[in-house]
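Asks: The following block contains the structure, expressed as structure tokens.
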Amino acid sequence: HPFVKDVSIIDCFSGDGLGDEMLRTLLSTGGPKLETLTMSSNNISSVESTLLPDFLATNPRLILLDLSDNEFNDNDAVFIANALRSNTTLKSLVIEVGDDGNETLRVAVCDESSLNSVADSNHSCLIEAEYGVDGNETDSREINRSRKIYSLLAS
């Protein structure tokens with residue numbers, strides 16, 4: 001529906017998970033006003049497809065995406081991290097992945113290996129993971145970018 005801003009689907013799809021068709025329908029018909037999407041505890045993973053990363057890469061209006069307590073792994077984190085590089089609207093991502101996945105997500109939002117990598121980092125999204133992900137600390141893209149550049153130059 002075009003006027004829906006918040007959707008919560010929590011612990012509704014145990015067993016086989018949410019399913020590609022249901023997820024595809026939800027993401028494609030979420031409407032231009034969808035800002036908050038909570039899909040925790042639904043056995044979702046991107047093993048079968050890359051629907052979520054593909055959706056994030058389109059830079060939708062979505063501000064909060066809660067994927068906590070699902071079945072994402074370190075490989076899924078790679079797809080999501082790549083999508084975050086082109087996403088400038090998502091402000092908060094809640095997800096649980098392994099240690100390597102946490103590092104992959106951290107690098108997507110805070111790669112301080114060179115000035116070019118800092119420029120290519122996501123400066124808007126705060127990632128809330130099981131073991132935390134350093135990177136963006138404020139709502140301001142400019143402040144986050146400046147802090148990363150300062151950190152790189154000061155080291």
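FYI, nothing fancy with the structure tokens labels: chains A, B, ... in order, residues from 1 per chain, ligands from 1 as they appear.
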Select from region 37-129 of chain A every residue with an atom at most 12 Å from any atom of region 140-145 of chain A, then for each give the shortest pair of atoms and their distance in Å to one decimal, using only C-alpha atoms, rows by chain and rising number, as JSON lines.
Replies:
```
{"residue": "A:Asn87", "atom": "CA", "partner": "A:Arg141", "partner_atom": "CA", "distance": 12.0}
{"residue": "A:Thr88", "atom": "CA", "partner": "A:Arg141", "partner_atom": "CA", "distance": 8.8}
{"residue": "A:Thr89", "atom": "CA", "partner": "A:Arg141", "partner_atom": "CA", "distance": 10.2}
{"residue": "A:Leu90", "atom": "CA", "partner": "A:Arg141", "partner_atom": "CA", "distance": 11.4}
{"residue": "A:Lys91", "atom": "CA", "partner": "A:Ser140", "partner_atom": "CA", "distance": 9.9}
{"residue": "A:Val109", "atom": "CA", "partner": "A:Asn144", "partner_atom": "CA", "distance": 9.6}
{"residue": "A:Cys110", "atom": "CA", "partner": "A:Arg145", "partner_atom": "CA", "distance": 8.9}
{"residue": "A:Asp111", "atom": "CA", "partner": "A:Arg145", "partner_atom": "CA", "distance": 10.7}
{"residue": "A:Glu112", "atom": "CA", "partner": "A:Arg145", "partner_atom": "CA", "distance": 10.4}
{"residue": "A:Leu115", "atom": "CA", "partner": "A:Arg145", "partner_atom": "CA", "distance": 10.4}
{"residue": "A:Asn116", "atom": "CA", "partner": "A:Arg145", "partner_atom": "CA", "distance": 11.6}
{"residue": "A:Ser117", "atom": "CA", "partner": "A:Arg145", "partner_atom": "CA", "distance": 11.0}
{"residue": "A:Val118", "atom": "CA", "partner": "A:Arg145", "partner_atom": "CA", "distance": 7.3}
{"residue": "A:Ala119", "atom": "CA", "partner": "A:Arg145", "partner_atom": "CA", "distance": 7.5}
{"residue": "A:Asp120", "atom": "CA", "partner": "A:Arg145", "partner_atom": "CA", "distance": 10.0}
{"residue": "A:Ser121", "atom": "CA", "partner": "A:Arg145", "partner_atom": "CA", "distance": 8.4}
{"residue": "A:Asn122", "atom": "CA", "partner": "A:Arg141", "partner_atom": "CA", "distance": 8.5}
{"residue": "A:His123", "atom": "CA", "partner": "A:Arg141", "partner_atom": "CA", "distance": 4.9}
{"residue": "A:Ser124", "atom": "CA", "partner": "A:Arg141", "partner_atom": "CA", "distance": 5.2}
{"residue": "A:Cys125", "atom": "CA", "partner": "A:Arg141", "partner_atom": "CA", "distance": 8.8}
{"residue": "A:Leu126", "atom": "CA", "partner": "A:Asn144", "partner_atom": "CA", "distance": 10.4}
```
Asks: Using backbone DSSP assignments, extract all alpha helix (DSSP H) residues from chain A; output them as JSON, numbers by chain.
Replies: {"A": [20, 21, 22, 23, 24, 25, 26, 27, 28, 51, 52, 53, 54, 55, 56, 57, 74, 75, 76, 77, 78, 79, 80, 81, 82, 83, 84, 99, 100, 101, 102, 103, 104, 105, 106, 107, 108, 109, 115, 116, 117, 118, 119, 120, 141, 142, 143, 144, 145, 146, 147, 148, 149, 150, 151, 152, 153, 154]}
Asks: Could you list, as a list of chain:residue names, every residue within 9 Å of region 52-63 of chain A, counting only C-alpha atoms and ignoring same-chain residues fewer than 6 positions away?
Replies: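 Listing them by chain and then by number gives A:Lys5, A:Leu23, A:Arg24, A:Leu27, A:Ser28, A:Pro32, A:Lys33, A:Leu34, A:Glu35, A:Thr36, A:Leu37, A:Ser46, A:Asp76, A:Phe79, A:Ile80, A:Ala81, A:Asn82, A:Ala83, A:Leu84, A:Arg85, A:Ser86, A:Asn87, A:Thr88, A:Thr89, A:Leu90, A:Lys91, A:Ser92, A:Leu93, A:Cys125.
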Asks: Could you turn the residues from that selection into a file that holds N, CA and C atoms, as a PDB file, in the first residue's frame?
Replies:
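File produced: selection22.pdb:
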```
ATOM      1  N   LYS A   5       3.976   3.128   6.309  1.00  0.00           N
ATOM      2  CA  LYS A   5       5.308   3.596   6.670  1.00  0.00           C
ATOM      3  C   LYS A   5       6.085   2.575   7.489  1.00  0.00           C
ATOM      4  N   LEU A  23       8.846 -12.502   0.378  1.00  0.00           N
ATOM      5  CA  LEU A  23       9.797 -11.411   0.538  1.00  0.00           C
ATOM      6  C   LEU A  23       9.795 -10.496  -0.685  1.00  0.00           C
ATOM      7  N   ARG A  24       9.770 -11.064  -1.872  1.00  0.00           N
ATOM      8  CA  ARG A  24       9.730 -10.277  -3.109  1.00  0.00           C
ATOM      9  C   ARG A  24       8.479  -9.394  -3.136  1.00  0.00           C
ATOM     10  N   LEU A  27       8.824  -6.522  -0.504  1.00  0.00           N
ATOM     11  CA  LEU A  27       9.770  -5.473  -0.886  1.00  0.00           C
ATOM     12  C   LEU A  27       9.288  -4.680  -2.102  1.00  0.00           C
ATOM     13  N   SER A  28       8.594  -5.320  -3.017  1.00  0.00           N
ATOM     14  CA  SER A  28       8.166  -4.623  -4.226  1.00  0.00           C
ATOM     15  C   SER A  28       6.876  -3.835  -4.025  1.00  0.00           C
ATOM     16  N   PRO A  32       6.270   3.582  -1.661  1.00  0.00           N
ATOM     17  CA  PRO A  32       7.322   4.599  -1.607  1.00  0.00           C
ATOM     18  C   PRO A  32       7.507   5.224  -0.232  1.00  0.00           C
ATOM     19  N   LYS A  33       6.589   5.010   0.678  1.00  0.00           N
ATOM     20  CA  LYS A  33       6.670   5.631   2.002  1.00  0.00           C
ATOM     21  C   LYS A  33       7.231   4.706   3.074  1.00  0.00           C
ATOM     22  N   LEU A  34       7.544   3.453   2.741  1.00  0.00           N
ATOM     23  CA  LEU A  34       8.028   2.495   3.733  1.00  0.00           C
ATOM     24  C   LEU A  34       9.342   2.981   4.346  1.00  0.00           C
ATOM     25  N   GLU A  35       9.329   3.190   5.658  1.00  0.00           N
ATOM     26  CA  GLU A  35      10.502   3.703   6.362  1.00  0.00           C
ATOM     27  C   GLU A  35      11.080   2.702   7.358  1.00  0.00           C
ATOM     28  N   THR A  36      10.231   1.868   7.939  1.00  0.00           N
ATOM     29  CA  THR A  36      10.670   0.916   8.948  1.00  0.00           C
ATOM     30  C   THR A  36      10.173  -0.470   8.582  1.00  0.00           C
ATOM     31  N   LEU A  37      11.105  -1.410   8.510  1.00  0.00           N
ATOM     32  CA  LEU A  37      10.759  -2.794   8.201  1.00  0.00           C
ATOM     33  C   LEU A  37      11.418  -3.692   9.245  1.00  0.00           C
ATOM     34  N   SER A  46      19.832 -15.326   2.969  1.00  0.00           N
ATOM     35  CA  SER A  46      19.913 -15.048   1.534  1.00  0.00           C
ATOM     36  C   SER A  46      20.539 -16.227   0.800  1.00  0.00           C
ATOM     37  N   ASP A  76      26.236 -13.967   3.678  1.00  0.00           N
ATOM     38  CA  ASP A  76      25.136 -13.018   3.517  1.00  0.00           C
ATOM     39  C   ASP A  76      25.613 -11.595   3.816  1.00  0.00           C
ATOM     40  N   PHE A  79      27.057  -9.769   0.794  1.00  0.00           N
ATOM     41  CA  PHE A  79      26.060  -9.196  -0.117  1.00  0.00           C
ATOM     42  C   PHE A  79      25.444  -7.926   0.463  1.00  0.00           C
ATOM     43  N   ILE A  80      25.132  -7.959   1.748  1.00  0.00           N
ATOM     44  CA  ILE A  80      24.533  -6.792   2.401  1.00  0.00           C
ATOM     45  C   ILE A  80      25.535  -5.645   2.459  1.00  0.00           C
ATOM     46  N   ALA A  81      26.784  -5.943   2.757  1.00  0.00           N
ATOM     47  CA  ALA A  81      27.825  -4.901   2.805  1.00  0.00           C
ATOM     48  C   ALA A  81      27.990  -4.236   1.444  1.00  0.00           C
ATOM     49  N   ASN A  82      27.990  -5.024   0.377  1.00  0.00           N
ATOM     50  CA  ASN A  82      28.095  -4.447  -0.969  1.00  0.00           C
ATOM     51  C   ASN A  82      26.912  -3.541  -1.271  1.00  0.00           C
ATOM     52  N   ALA A  83      25.723  -3.930  -0.835  1.00  0.00           N
ATOM     53  CA  ALA A  83      24.538  -3.101  -1.054  1.00  0.00           C
ATOM     54  C   ALA A  83      24.626  -1.794  -0.276  1.00  0.00           C
ATOM     55  N   LEU A  84      25.202  -1.854   0.925  1.00  0.00           N
ATOM     56  CA  LEU A  84      25.310  -0.646   1.752  1.00  0.00           C
ATOM     57  C   LEU A  84      26.235   0.400   1.135  1.00  0.00           C
ATOM     58  N   ARG A  85      27.155  -0.023   0.305  1.00  0.00           N
ATOM     59  CA  ARG A  85      28.075   0.939  -0.316  1.00  0.00           C
ATOM     60  C   ARG A  85      27.347   1.949  -1.193  1.00  0.00           C
ATOM     61  N   SER A  86      26.210   1.546  -1.762  1.00  0.00           N
ATOM     62  CA  SER A  86      25.462   2.469  -2.618  1.00  0.00           C
ATOM     63  C   SER A  86      24.207   3.012  -1.939  1.00  0.00           C
ATOM     64  N   ASN A  87      23.963   2.618  -0.692  1.00  0.00           N
ATOM     65  CA  ASN A  87      22.760   3.049   0.008  1.00  0.00           C
ATOM     66  C   ASN A  87      23.080   4.252   0.886  1.00  0.00           C
ATOM     67  N   THR A  88      22.308   5.316   0.724  1.00  0.00           N
ATOM     68  CA  THR A  88      22.536   6.525   1.522  1.00  0.00           C
ATOM     69  C   THR A  88      21.347   6.875   2.414  1.00  0.00           C
ATOM     70  N   THR A  89      20.301   6.068   2.402  1.00  0.00           N
ATOM     71  CA  THR A  89      19.108   6.397   3.183  1.00  0.00           C
ATOM     72  C   THR A  89      18.945   5.564   4.449  1.00  0.00           C
ATOM     73  N   LEU A  90      19.429   4.328   4.442  1.00  0.00           N
ATOM     74  CA  LEU A  90      19.269   3.465   5.610  1.00  0.00           C
ATOM     75  C   LEU A  90      20.089   4.021   6.775  1.00  0.00           C
ATOM     76  N   LYS A  91      19.427   4.256   7.903  1.00  0.00           N
ATOM     77  CA  LYS A  91      20.093   4.819   9.083  1.00  0.00           C
ATOM     78  C   LYS A  91      20.436   3.755  10.118  1.00  0.00           C
ATOM     79  N   SER A  92      19.694   2.643  10.110  1.00  0.00           N
ATOM     80  CA  SER A  92      19.921   1.618  11.125  1.00  0.00           C
ATOM     81  C   SER A  92      19.633   0.238  10.551  1.00  0.00           C
ATOM     82  N   LEU A  93      20.604  -0.659  10.734  1.00  0.00           N
ATOM     83  CA  LEU A  93      20.469  -2.050  10.329  1.00  0.00           C
ATOM     84  C   LEU A  93      20.753  -2.910  11.552  1.00  0.00           C
ATOM     85  N   CYS A 125      24.664   4.683   7.773  1.00  0.00           N
ATOM     86  CA  CYS A 125      24.027   3.559   8.449  1.00  0.00           C
ATOM     87  C   CYS A 125      24.775   3.129   9.712  1.00  0.00           C
TER      88      CYS A 125
END
```
Asks: I'd like the neighbourhood of Ser155 (chain A) as number ranges by chain, where a residue qualifies if any of its atoms comes within 12 Å (using only C-alpha atoms), though same-chain residues fewer than 5 positions away should be ignored.
Replies: A: 112-114, 148-150
Asks: Could those residues be written to a file, using all heavy atoms, as a short mmCIF file (atom, residue, chain, number, x, y, z; two decimals), in the first residue's frame?
Replies:
```cif
data_model
loop_
_atom_site.label_atom_id
_atom_site.label_comp_id
_atom_site.auth_asym_id
_atom_site.auth_seq_id
_atom_site.Cartn_x
_atom_site.Cartn_y
_atom_site.Cartn_z
N GLU A 112 39.00 2.44 6.62
CA GLU A 112 39.98 3.52 6.78
C GLU A 112 41.35 3.13 6.23
O GLU A 112 42.37 3.62 6.69
CB GLU A 112 40.08 3.93 8.25
CG GLU A 112 38.79 4.52 8.78
CD GLU A 112 38.83 4.82 10.26
OE1 GLU A 112 39.76 4.36 10.96
OE2 GLU A 112 37.93 5.52 10.73
N SER A 113 41.38 2.27 5.21
CA SER A 113 42.66 1.84 4.65
C SER A 113 43.26 2.87 3.71
O SER A 113 44.46 2.87 3.48
CB SER A 113 42.50 0.48 3.95
OG SER A 113 41.57 0.57 2.89
N SER A 114 42.45 3.75 3.14
CA SER A 114 42.94 4.83 2.28
C SER A 114 41.87 5.90 2.18
O SER A 114 40.71 5.67 2.55
CB SER A 114 43.27 4.29 0.88
OG SER A 114 42.08 3.96 0.19
N LYS A 148 36.07 9.81 10.07
CA LYS A 148 36.84 8.73 9.45
C LYS A 148 38.11 9.27 8.78
O LYS A 148 39.19 8.68 8.89
CB LYS A 148 35.99 7.97 8.44
CG LYS A 148 34.85 7.21 9.08
CD LYS A 148 33.90 6.68 8.02
CE LYS A 148 32.60 6.21 8.62
NZ LYS A 148 31.64 5.81 7.59
N ILE A 149 37.99 10.38 8.10
CA ILE A 149 39.15 10.99 7.45
C ILE A 149 40.17 11.43 8.50
O ILE A 149 41.37 11.19 8.36
CB ILE A 149 38.73 12.17 6.54
CG1 ILE A 149 37.95 11.64 5.32
CG2 ILE A 149 39.94 12.98 6.09
CD1 ILE A 149 37.30 12.71 4.49
N TYR A 150 39.69 12.06 9.57
CA TYR A 150 40.58 12.49 10.64
C TYR A 150 41.31 11.29 11.24
O TYR A 150 42.51 11.32 11.47
CB TYR A 150 39.79 13.24 11.72
CG TYR A 150 40.64 13.62 12.89
CD1 TYR A 150 41.48 14.73 12.83
CD2 TYR A 150 40.65 12.85 14.06
CE1 TYR A 150 42.30 15.07 13.91
CE2 TYR A 150 41.44 13.19 15.13
CZ TYR A 150 42.27 14.30 15.05
OH TYR A 150 43.06 14.63 16.12
#
```
Asks: Need to verify the contact set: Glu96 (chain A), 8 Å, only C-alpha atoms, exclusion of same-chain residues closer than 3 positions in sequence. Can you return it as a PDB file with N, CA and C atoms, in the first residue's frame?
Replies:
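Written output follows (result26.pdb):
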```pdb
ATOM      1  N   LEU A  67      16.636  -7.117  11.060  1.00  0.00           N
ATOM      2  CA  LEU A  67      16.712  -8.508  10.613  1.00  0.00           C
ATOM      3  C   LEU A  67      17.242  -9.408  11.723  1.00  0.00           C
ATOM      4  N   SER A  68      17.086  -8.996  12.959  1.00  0.00           N
ATOM      5  CA  SER A  68      17.645  -9.749  14.080  1.00  0.00           C
ATOM      6  C   SER A  68      17.010 -11.128  14.206  1.00  0.00           C
ATOM      7  N   ASP A  69      17.786 -12.040  14.785  1.00  0.00           N
ATOM      8  CA  ASP A  69      17.336 -13.392  15.084  1.00  0.00           C
ATOM      9  C   ASP A  69      16.811 -14.125  13.845  1.00  0.00           C
ATOM     10  N   ASN A  70      17.584 -14.062  12.774  1.00  0.00           N
ATOM     11  CA  ASN A  70      17.288 -14.802  11.554  1.00  0.00           C
ATOM     12  C   ASN A  70      18.441 -15.757  11.277  1.00  0.00           C
ATOM     13  N   PHE A  72      21.065 -15.402   8.954  1.00  0.00           N
ATOM     14  CA  PHE A  72      22.112 -14.823   8.117  1.00  0.00           C
ATOM     15  C   PHE A  72      23.485 -15.319   8.552  1.00  0.00           C
ATOM     16  N   ASN A  73      24.377 -15.475   7.580  1.00  0.00           N
ATOM     17  CA  ASN A  73      25.726 -15.936   7.882  1.00  0.00           C
ATOM     18  C   ASN A  73      26.741 -14.940   7.318  1.00  0.00           C
ATOM     19  N   ALA A 129      24.924  -5.036  15.488  1.00  0.00           N
ATOM     20  CA  ALA A 129      25.142  -6.469  15.333  1.00  0.00           C
ATOM     21  C   ALA A 129      25.361  -7.073  16.710  1.00  0.00           C
ATOM     22  N   GLU A 130      25.367  -8.386  16.751  1.00  0.00           N
ATOM     23  CA  GLU A 130      25.489  -9.096  18.021  1.00  0.00           C
ATOM     24  C   GLU A 130      26.727  -8.653  18.807  1.00  0.00           C
TER      25      GLU A 130
END
```
Asks: Near Glu71 (chain A), within 7 Å and counting only C-alpha atoms, which residues show up once chain neighbours fewer than 3 positions away are dropped, as a VMD selection string?
Replies: chain A and resid 43 to 45
Asks: As a ChimeraX atom specification, please: all residues of region 73-106 of chain A that backbone DSSP puts in strand (DSSP E or B).
Replies: /A:92-95
Asks: How many Å separate CA of Leu26 (chain A) from CA of Leu51 (chain A)?
Replies: 10.5 Å
Asks: Within 12 Å of Asp100 (chain A), counting only C-alpha atoms, which residues qualify if same-chain residues fewer than 2 places away don't, as a list of chain:residue names?
Replies: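 My reading of the contact set: A:Asn73, A:Asp74, A:Asn75, A:Asp76, A:Ala77, A:Val78, A:Ala81, A:Glu96, A:Val97, A:Gly98, A:Asn102, A:Glu103, A:Thr104, A:Leu105, A:Arg106, A:Val107, A:Ala129, A:Tyr131, A:Val133.
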Asks: Take the residues that were just selected and, keeping N, CA, C and O atoms, output them as a PDB file, in the first residue's frame.
Replies:
```
ATOM      1  N   ASN A  73      24.377 -15.475   7.580  1.00  0.00           N
ATOM      2  CA  ASN A  73      25.726 -15.936   7.882  1.00  0.00           C
ATOM      3  C   ASN A  73      26.741 -14.940   7.318  1.00  0.00           C
ATOM      4  O   ASN A  73      26.368 -13.881   6.805  1.00  0.00           O
ATOM      5  N   ASP A  74      27.999 -15.282   7.413  1.00  0.00           N
ATOM      6  CA  ASP A  74      29.066 -14.383   6.962  1.00  0.00           C
ATOM      7  C   ASP A  74      28.986 -14.098   5.465  1.00  0.00           C
ATOM      8  O   ASP A  74      29.283 -12.983   5.027  1.00  0.00           O
ATOM      9  N   ASN A  75      28.587 -15.082   4.667  1.00  0.00           N
ATOM     10  CA  ASN A  75      28.444 -14.852   3.222  1.00  0.00           C
ATOM     11  C   ASN A  75      27.317 -13.871   2.927  1.00  0.00           C
ATOM     12  O   ASN A  75      27.427 -13.039   2.027  1.00  0.00           O
ATOM     13  N   ASP A  76      26.236 -13.967   3.678  1.00  0.00           N
ATOM     14  CA  ASP A  76      25.136 -13.018   3.517  1.00  0.00           C
ATOM     15  C   ASP A  76      25.613 -11.595   3.816  1.00  0.00           C
ATOM     16  O   ASP A  76      25.201 -10.636   3.166  1.00  0.00           O
ATOM     17  N   ALA A  77      26.483 -11.472   4.808  1.00  0.00           N
ATOM     18  CA  ALA A  77      27.011 -10.158   5.186  1.00  0.00           C
ATOM     19  C   ALA A  77      27.767  -9.512   4.034  1.00  0.00           C
ATOM     20  O   ALA A  77      27.734  -8.290   3.870  1.00  0.00           O
ATOM     21  N   VAL A  78      28.430 -10.310   3.207  1.00  0.00           N
ATOM     22  CA  VAL A  78      29.156  -9.770   2.045  1.00  0.00           C
ATOM     23  C   VAL A  78      28.179  -9.099   1.087  1.00  0.00           C
ATOM     24  O   VAL A  78      28.411  -7.974   0.617  1.00  0.00           O
ATOM     25  N   ALA A  81      26.784  -5.943   2.757  1.00  0.00           N
ATOM     26  CA  ALA A  81      27.825  -4.901   2.805  1.00  0.00           C
ATOM     27  C   ALA A  81      27.990  -4.236   1.444  1.00  0.00           C
ATOM     28  O   ALA A  81      28.114  -3.013   1.361  1.00  0.00           O
ATOM     29  N   GLU A  96      22.335 -10.147  12.814  1.00  0.00           N
ATOM     30  CA  GLU A  96      23.266 -11.021  13.517  1.00  0.00           C
ATOM     31  C   GLU A  96      23.933 -11.926  12.499  1.00  0.00           C
ATOM     32  O   GLU A  96      23.262 -12.650  11.763  1.00  0.00           O
ATOM     33  N   VAL A  97      25.250 -11.831  12.431  1.00  0.00           N
ATOM     34  CA  VAL A  97      26.075 -12.686  11.562  1.00  0.00           C
ATOM     35  C   VAL A  97      27.287 -13.123  12.377  1.00  0.00           C
ATOM     36  O   VAL A  97      27.443 -12.730  13.523  1.00  0.00           O
ATOM     37  N   GLY A  98      28.169 -13.909  11.787  1.00  0.00           N
ATOM     38  CA  GLY A  98      29.370 -14.346  12.485  1.00  0.00           C
ATOM     39  C   GLY A  98      30.424 -13.257  12.564  1.00  0.00           C
ATOM     40  O   GLY A  98      30.240 -12.138  12.081  1.00  0.00           O
ATOM     41  N   ASN A 102      30.619  -9.654  10.698  1.00  0.00           N
ATOM     42  CA  ASN A 102      30.681  -8.377  11.409  1.00  0.00           C
ATOM     43  C   ASN A 102      31.814  -7.513  10.863  1.00  0.00           C
ATOM     44  O   ASN A 102      31.654  -6.306  10.667  1.00  0.00           O
ATOM     45  N   GLU A 103      32.953  -8.131  10.607  1.00  0.00           N
ATOM     46  CA  GLU A 103      34.088  -7.381  10.062  1.00  0.00           C
ATOM     47  C   GLU A 103      33.771  -6.871   8.651  1.00  0.00           C
ATOM     48  O   GLU A 103      34.107  -5.743   8.299  1.00  0.00           O
ATOM     49  N   THR A 104      33.126  -7.690   7.844  1.00  0.00           N
ATOM     50  CA  THR A 104      32.741  -7.275   6.493  1.00  0.00           C
ATOM     51  C   THR A 104      31.798  -6.075   6.546  1.00  0.00           C
ATOM     52  O   THR A 104      31.959  -5.112   5.790  1.00  0.00           O
ATOM     53  N   LEU A 105      30.833  -6.104   7.441  1.00  0.00           N
ATOM     54  CA  LEU A 105      29.903  -4.984   7.587  1.00  0.00           C
ATOM     55  C   LEU A 105      30.629  -3.750   8.116  1.00  0.00           C
ATOM     56  O   LEU A 105      30.356  -2.624   7.682  1.00  0.00           O
ATOM     57  N   ARG A 106      31.564  -3.950   9.049  1.00  0.00           N
ATOM     58  CA  ARG A 106      32.323  -2.809   9.581  1.00  0.00           C
ATOM     59  C   ARG A 106      33.102  -2.119   8.480  1.00  0.00           C
ATOM     60  O   ARG A 106      33.128  -0.888   8.383  1.00  0.00           O
ATOM     61  N   VAL A 107      33.735  -2.890   7.609  1.00  0.00           N
ATOM     62  CA  VAL A 107      34.513  -2.311   6.518  1.00  0.00           C
ATOM     63  C   VAL A 107      33.601  -1.561   5.539  1.00  0.00           C
ATOM     64  O   VAL A 107      33.997  -0.528   4.983  1.00  0.00           O
ATOM     65  N   ALA A 129      24.924  -5.036  15.488  1.00  0.00           N
ATOM     66  CA  ALA A 129      25.142  -6.469  15.333  1.00  0.00           C
ATOM     67  C   ALA A 129      25.361  -7.073  16.710  1.00  0.00           C
ATOM     68  O   ALA A 129      25.541  -6.368  17.706  1.00  0.00           O
ATOM     69  N   TYR A 131      27.848  -8.457  18.126  1.00  0.00           N
ATOM     70  CA  TYR A 131      29.086  -8.060  18.795  1.00  0.00           C
ATOM     71  C   TYR A 131      29.481  -6.632  18.455  1.00  0.00           C
ATOM     72  O   TYR A 131      30.605  -6.237  18.649  1.00  0.00           O
ATOM     73  N   VAL A 133      29.411  -3.216  15.644  1.00  0.00           N
ATOM     74  CA  VAL A 133      30.159  -2.863  14.440  1.00  0.00           C
ATOM     75  C   VAL A 133      30.502  -1.393  14.567  1.00  0.00           C
ATOM     76  O   VAL A 133      29.612  -0.562  14.668  1.00  0.00           O
TER      77      VAL A 133
END
```
